[in-house]
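First comes the structure, then the notes that go with it.
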Amino acid sequence: MGQLVDGKWRTENILFNHDDKGLYFKRDSVFRNHISSEAGAEFPAEGGRYHLYCAVACPWAHRTTLMRTLKKLEPLVTLTNTFQEVDGHGWSFGEQGHIVPGTDQRVRWLHELYTIADPACTTRVTVPTLWDARTRRVVNNESSEIIRIFNTAFVGVAEPTPDYYPEPLRPDIDATNALVLKGVNNAVNGCGYSISQEAYDGSVKLLFETLDGLEQRLSRQRYLCGDTETEADWRLFPSLVRFDPCYYVGYKCNLRRLDEYHNLSNYQRALYQTPGIADVCDIAGMKRGVFSKAGPVGANGIIPAGPSIDYWRPHDRDRFATGI
Ligand SMILES: N[C@@H](CCC(=O)N[C@@H](CS)C(=O)NCC(=O)O)C(=O)O
């Protein structure tokens, strides 16, 4: 994938993603504005104004489509899924293009929105990206912040929903997020994208140690932060749901399948079976995105057949008390 440098699309690797040991890392996002319901806000909470760009294969983008569903924001925040093309310019809308909300401009690539927003920007062009049709700017392209925006900004505008970042649990949620980010969300990419054996070995060790710890935790309580479902659960879920179909084979995360973890796999199914969630979990689409020729690990474009997973199999998580 290329990137934008001073507003121009460049295909050579300038804003690199590997450290000096060959370990893959995620760069900091550039657009970090917030939507707010407060009077006079720069980006006020309004239905029909904001548009979310995602890709089915991307676990970071998945966080935001999950939260959009959980917070009943589908009628308020519209969504477009992009995809990759061989030798393309990053995330694509396809040959037919896409009319940029708030303009009459038809574009082919997501990076064209970034330069409408900021003609001289230097950045990687990532999903998720949250666009404001009114100001024609990118509000935010950091998934952890977009899910917080979705959690709070539209309260009073959207239908009532639970708070996934409740005040009393914040220290626990923050600590859990940090653990899961390093030991699972980033560690799977460390396994799949690192370019040295040493970096892969370190990532795979960290990943399975972290999964072992989470398995223990989930043997004692229903959710990661006790008996209340929080954003911490929904930040782990995109990595779990991709684990056996994508990461086990494609990213060499193959010490164990997720299905071999009793509590983690039951927990994953319980989350999957939440109303509306299966509709935003396109497993075949995730596999296509990861293993296609333009995907991150799909050099020959062949999509593995298995494994066959029944995400609707009963789960045993009701044995724990629940707060919501
Ligand atoms: N900071 C971003 C990272 C998202 C991210 O890395 N997305 C990947 C797809 S899974 C991407 O768009 N990569 C394109 C690139 O780095 O050029 C977030 O968490 O929102």
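Residue names in the structure tokens use chain letters A, B, ... in the order shown, residue numbers from 1 in each chain, and ligand numbers from 1 in the order shown.
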For this session: Collect all residues with atoms no farther than 7 Å from ligand 1, counting only C-alpha atoms and all ligand atoms, and output them as a PyMOL selection string.
Result: chain A and resi 1-3+26-29+57-61+90+124-128+141-144
Problem set entry | DSSP helix (DSSP H, G or I) residues within stretch 58-297 of chain A, listed as number ranges by chain | A: 59-70, 110-117, 143-152, 167-193, 197-217, 231-241, 243-250, 258-260, 262-272, 278-280, 283-291
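Excluding A:Tyr223 itself and any same-chain residue fewer than 6 positions from it, the protein and nucleic acid residues within 9 Å of it, counting only C-alpha atoms, are Arg217, Glu229, Thr230, Ala232, Asp233, Tyr267 and Thr322 of chain A.
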Hey, could you make a per-residue contact list for stretch 160-266 of chain A against stretch 283-300 of chain A with 7 Å as the cut-off, showing the nearest pair of atoms and its distance in Å to one decimal, counting only C-alpha atoms, sorted by chain and number, as a Markdown table?
```
| residue | atom | partner | partner_atom | distance |
| --- | --- | --- | --- | --- |
| A:Pro245 | CA | A:Lys287 | CA | 6.9 |
| A:Cys246 | CA | A:Lys287 | CA | 6.1 |
| A:Gly250 | CA | A:Val297 | CA | 6.2 |
```
Store the residues picked out above, limited to C-alpha atoms, as an mmCIF file, in the first residue's frame.
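So selection_32.cif came out as:
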```cif
data_model
loop_
_atom_site.group_PDB
_atom_site.id
_atom_site.type_symbol
_atom_site.label_atom_id
_atom_site.label_comp_id
_atom_site.auth_asym_id
_atom_site.auth_seq_id
_atom_site.Cartn_x
_atom_site.Cartn_y
_atom_site.Cartn_z
ATOM 1 C CA PRO A 245 -10.714 -18.367 9.529
ATOM 2 C CA CYS A 246 -7.902 -15.858 8.868
ATOM 3 C CA GLY A 250 -2.811 -16.747 7.004
#
```
Exercise. If you count only C-alpha atoms, which residues fall within 12 Å of stretch 5-7 of chain A, apart from same-chain ones fewer than 4 positions away, as a ChimeraX atom specification?
Worked result: /A:11-15,111-125
Give me a file of those residues, with C-alpha atoms, as a PDB file, in the first residue's frame.
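Result written to again-v3.pdb:
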```pdb
ATOM      1  CA  THR A  11       3.636   4.020  -3.819  1.00  0.00           C
ATOM      2  CA  GLU A  12       7.145   3.625  -2.369  1.00  0.00           C
ATOM      3  CA  ASN A  13       7.354   2.815   1.343  1.00  0.00           C
ATOM      4  CA  ILE A  14       7.935   6.196   3.023  1.00  0.00           C
ATOM      5  CA  LEU A  15       5.722   6.135   6.112  1.00  0.00           C
ATOM      6  CA  HIS A 111      -7.088   8.990  -0.378  1.00  0.00           C
ATOM      7  CA  GLU A 112      -8.936  11.492  -2.578  1.00  0.00           C
ATOM      8  CA  LEU A 113     -11.198  12.315   0.373  1.00  0.00           C
ATOM      9  CA  TYR A 114      -8.167  12.953   2.540  1.00  0.00           C
ATOM     10  CA  THR A 115      -6.854  15.540   0.093  1.00  0.00           C
ATOM     11  CA  ILE A 116     -10.276  17.186  -0.259  1.00  0.00           C
ATOM     12  CA  ALA A 117     -10.098  17.572   3.545  1.00  0.00           C
ATOM     13  CA  ASP A 118      -6.438  18.587   3.632  1.00  0.00           C
ATOM     14  CA  PRO A 119      -4.764  19.120   0.235  1.00  0.00           C
ATOM     15  CA  ALA A 120      -1.225  18.903   1.678  1.00  0.00           C
ATOM     16  CA  CYS A 121      -1.590  16.036   4.130  1.00  0.00           C
ATOM     17  CA  THR A 122       1.116  13.464   4.795  1.00  0.00           C
ATOM     18  CA  THR A 123      -0.387  10.292   6.182  1.00  0.00           C
ATOM     19  CA  ARG A 124      -1.232   6.672   5.617  1.00  0.00           C
ATOM     20  CA  VAL A 125      -4.790   6.347   4.369  1.00  0.00           C
TER      21      VAL A 125
END
```
For this session: Considering only C-alpha atoms, return as a ChimeraX atom specification whatever protein or nucleic-acid residues lie within 8 Å of A:Leu79, sequence-local ones (same chain, fewer than 3 positions apart) excluded.
Result: /A:51-54
For the residues in that selection, give me C-alpha atoms as a PDB file, in the first residue's frame.
```pdb
ATOM      1  CA  HIS A  51     -20.254   8.958   6.824  1.00  0.00           C
ATOM      2  CA  LEU A  52     -18.115   6.010   7.876  1.00  0.00           C
ATOM      3  CA  TYR A  53     -15.611   4.343   5.521  1.00  0.00           C
ATOM      4  CA  CYS A  54     -14.625   0.799   6.419  1.00  0.00           C
TER       5      CYS A  54
END
```
Problem set entry | Picked from stretch 64-173 of chain A by DSSP as strand (DSSP E or B), as JSON, numbers by chain | {"A": [78, 79, 80, 81, 83, 92, 98, 99, 106, 107, 109, 123, 129, 130, 131, 132, 137, 138, 139, 140, 155, 158]}
Mind dumping the selected residues with C-alpha atoms as a PDB file, in the first residue's frame?
```pdb
ATOM      1  CA  THR A  78     -24.094   6.033   6.779  1.00  0.00           C
ATOM      2  CA  LEU A  79     -21.481   3.435   5.805  1.00  0.00           C
ATOM      3  CA  THR A  80     -19.432   2.512   2.738  1.00  0.00           C
ATOM      4  CA  ASN A  81     -17.126  -0.491   2.598  1.00  0.00           C
ATOM      5  CA  PHE A  83     -11.690  -2.803  -0.846  1.00  0.00           C
ATOM      6  CA  SER A  92     -10.876   1.711  -3.405  1.00  0.00           C
ATOM      7  CA  HIS A  98     -18.161   7.094  -5.176  1.00  0.00           C
ATOM      8  CA  ILE A  99     -19.774  10.513  -4.823  1.00  0.00           C
ATOM      9  CA  ARG A 106     -16.886  11.322  -7.893  1.00  0.00           C
ATOM     10  CA  VAL A 107     -13.693   9.658  -6.605  1.00  0.00           C
ATOM     11  CA  TRP A 109      -9.830   6.096  -3.980  1.00  0.00           C
ATOM     12  CA  THR A 123      -0.387  10.292   6.182  1.00  0.00           C
ATOM     13  CA  THR A 129     -12.317   6.941   8.392  1.00  0.00           C
ATOM     14  CA  LEU A 130     -15.169   9.133   9.622  1.00  0.00           C
ATOM     15  CA  TRP A 131     -16.153  11.881   7.170  1.00  0.00           C
ATOM     16  CA  ASP A 132     -18.173  15.050   7.746  1.00  0.00           C
ATOM     17  CA  ARG A 137     -13.377  17.146   6.394  1.00  0.00           C
ATOM     18  CA  VAL A 138     -12.177  13.938   7.969  1.00  0.00           C
ATOM     19  CA  VAL A 139     -13.404  13.968  11.553  1.00  0.00           C
ATOM     20  CA  ASN A 140     -11.289  11.090  12.766  1.00  0.00           C
ATOM     21  CA  VAL A 155     -26.969  10.168  23.123  1.00  0.00           C
ATOM     22  CA  ALA A 158     -30.163   8.026  18.657  1.00  0.00           C
TER      23      ALA A 158
END
```
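Proximity of A:Gln216, A:Ser194, A:Asn185, A:Thr228 to A:Arg63, computed with only C-alpha atoms, is greatest for A:Asn185.
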Who sits within 12 Å of A:Asp279, only C-alpha atoms, same chain under 3 positions skipped, as a compact mmCIF listing (two decimals) with N, CA and C atoms, in the first residue's frame:
```
# COMPACT_ATOMS: atom_id res chain seq x y z
N VAL A 56 -14.45 -4.65 5.08
CA VAL A 56 -14.91 -5.82 5.83
C VAL A 56 -13.74 -6.57 6.46
N HIS A 62 -13.72 -2.89 11.89
CA HIS A 62 -14.80 -3.71 12.43
C HIS A 62 -15.27 -3.19 13.79
N THR A 65 -17.93 -0.64 13.02
CA THR A 65 -19.22 -1.11 12.50
C THR A 65 -19.98 -1.83 13.62
N LEU A 66 -19.24 -2.52 14.50
CA LEU A 66 -19.89 -3.17 15.64
C LEU A 66 -20.53 -2.12 16.55
N ARG A 68 -21.35 0.94 15.81
CA ARG A 68 -22.45 1.60 15.08
C ARG A 68 -23.74 0.79 15.24
N THR A 69 -23.63 -0.54 15.18
CA THR A 69 -24.80 -1.40 15.37
C THR A 69 -25.27 -1.37 16.82
N LEU A 70 -24.33 -1.56 17.76
CA LEU A 70 -24.71 -1.63 19.17
C LEU A 70 -25.36 -0.34 19.64
N TYR A 272 -21.18 -12.90 19.24
CA TYR A 272 -21.63 -13.01 17.85
C TYR A 272 -23.16 -13.08 17.79
N GLN A 273 -23.75 -13.76 18.78
CA GLN A 273 -25.20 -13.99 18.77
C GLN A 273 -26.00 -12.80 19.31
N THR A 274 -25.32 -11.73 19.68
CA THR A 274 -26.00 -10.48 20.08
C THR A 274 -26.83 -9.97 18.89
N PRO A 275 -28.09 -9.56 19.11
CA PRO A 275 -28.91 -9.10 17.98
C PRO A 275 -28.18 -8.07 17.10
N GLY A 276 -28.21 -8.31 15.80
CA GLY A 276 -27.63 -7.38 14.82
C GLY A 276 -26.16 -7.62 14.50
N ASP A 282 -19.12 -10.44 8.24
CA ASP A 282 -19.09 -11.14 6.96
C ASP A 282 -17.78 -11.95 6.88
N ILE A 283 -17.86 -13.19 7.39
CA ILE A 283 -16.64 -14.00 7.51
C ILE A 283 -16.05 -14.30 6.12
N GLY A 285 -16.32 -12.50 3.50
CA GLY A 285 -15.73 -11.24 3.03
C GLY A 285 -14.40 -10.95 3.71
```
For this session: Quick one: everything within 12 Å of A:Gly22, counting only C-alpha atoms, minus sequence neighbours fewer than 2 positions away in the same chain. Send it as a ChimeraX atom specification.
Result: /A:16-20,24-25,190-203
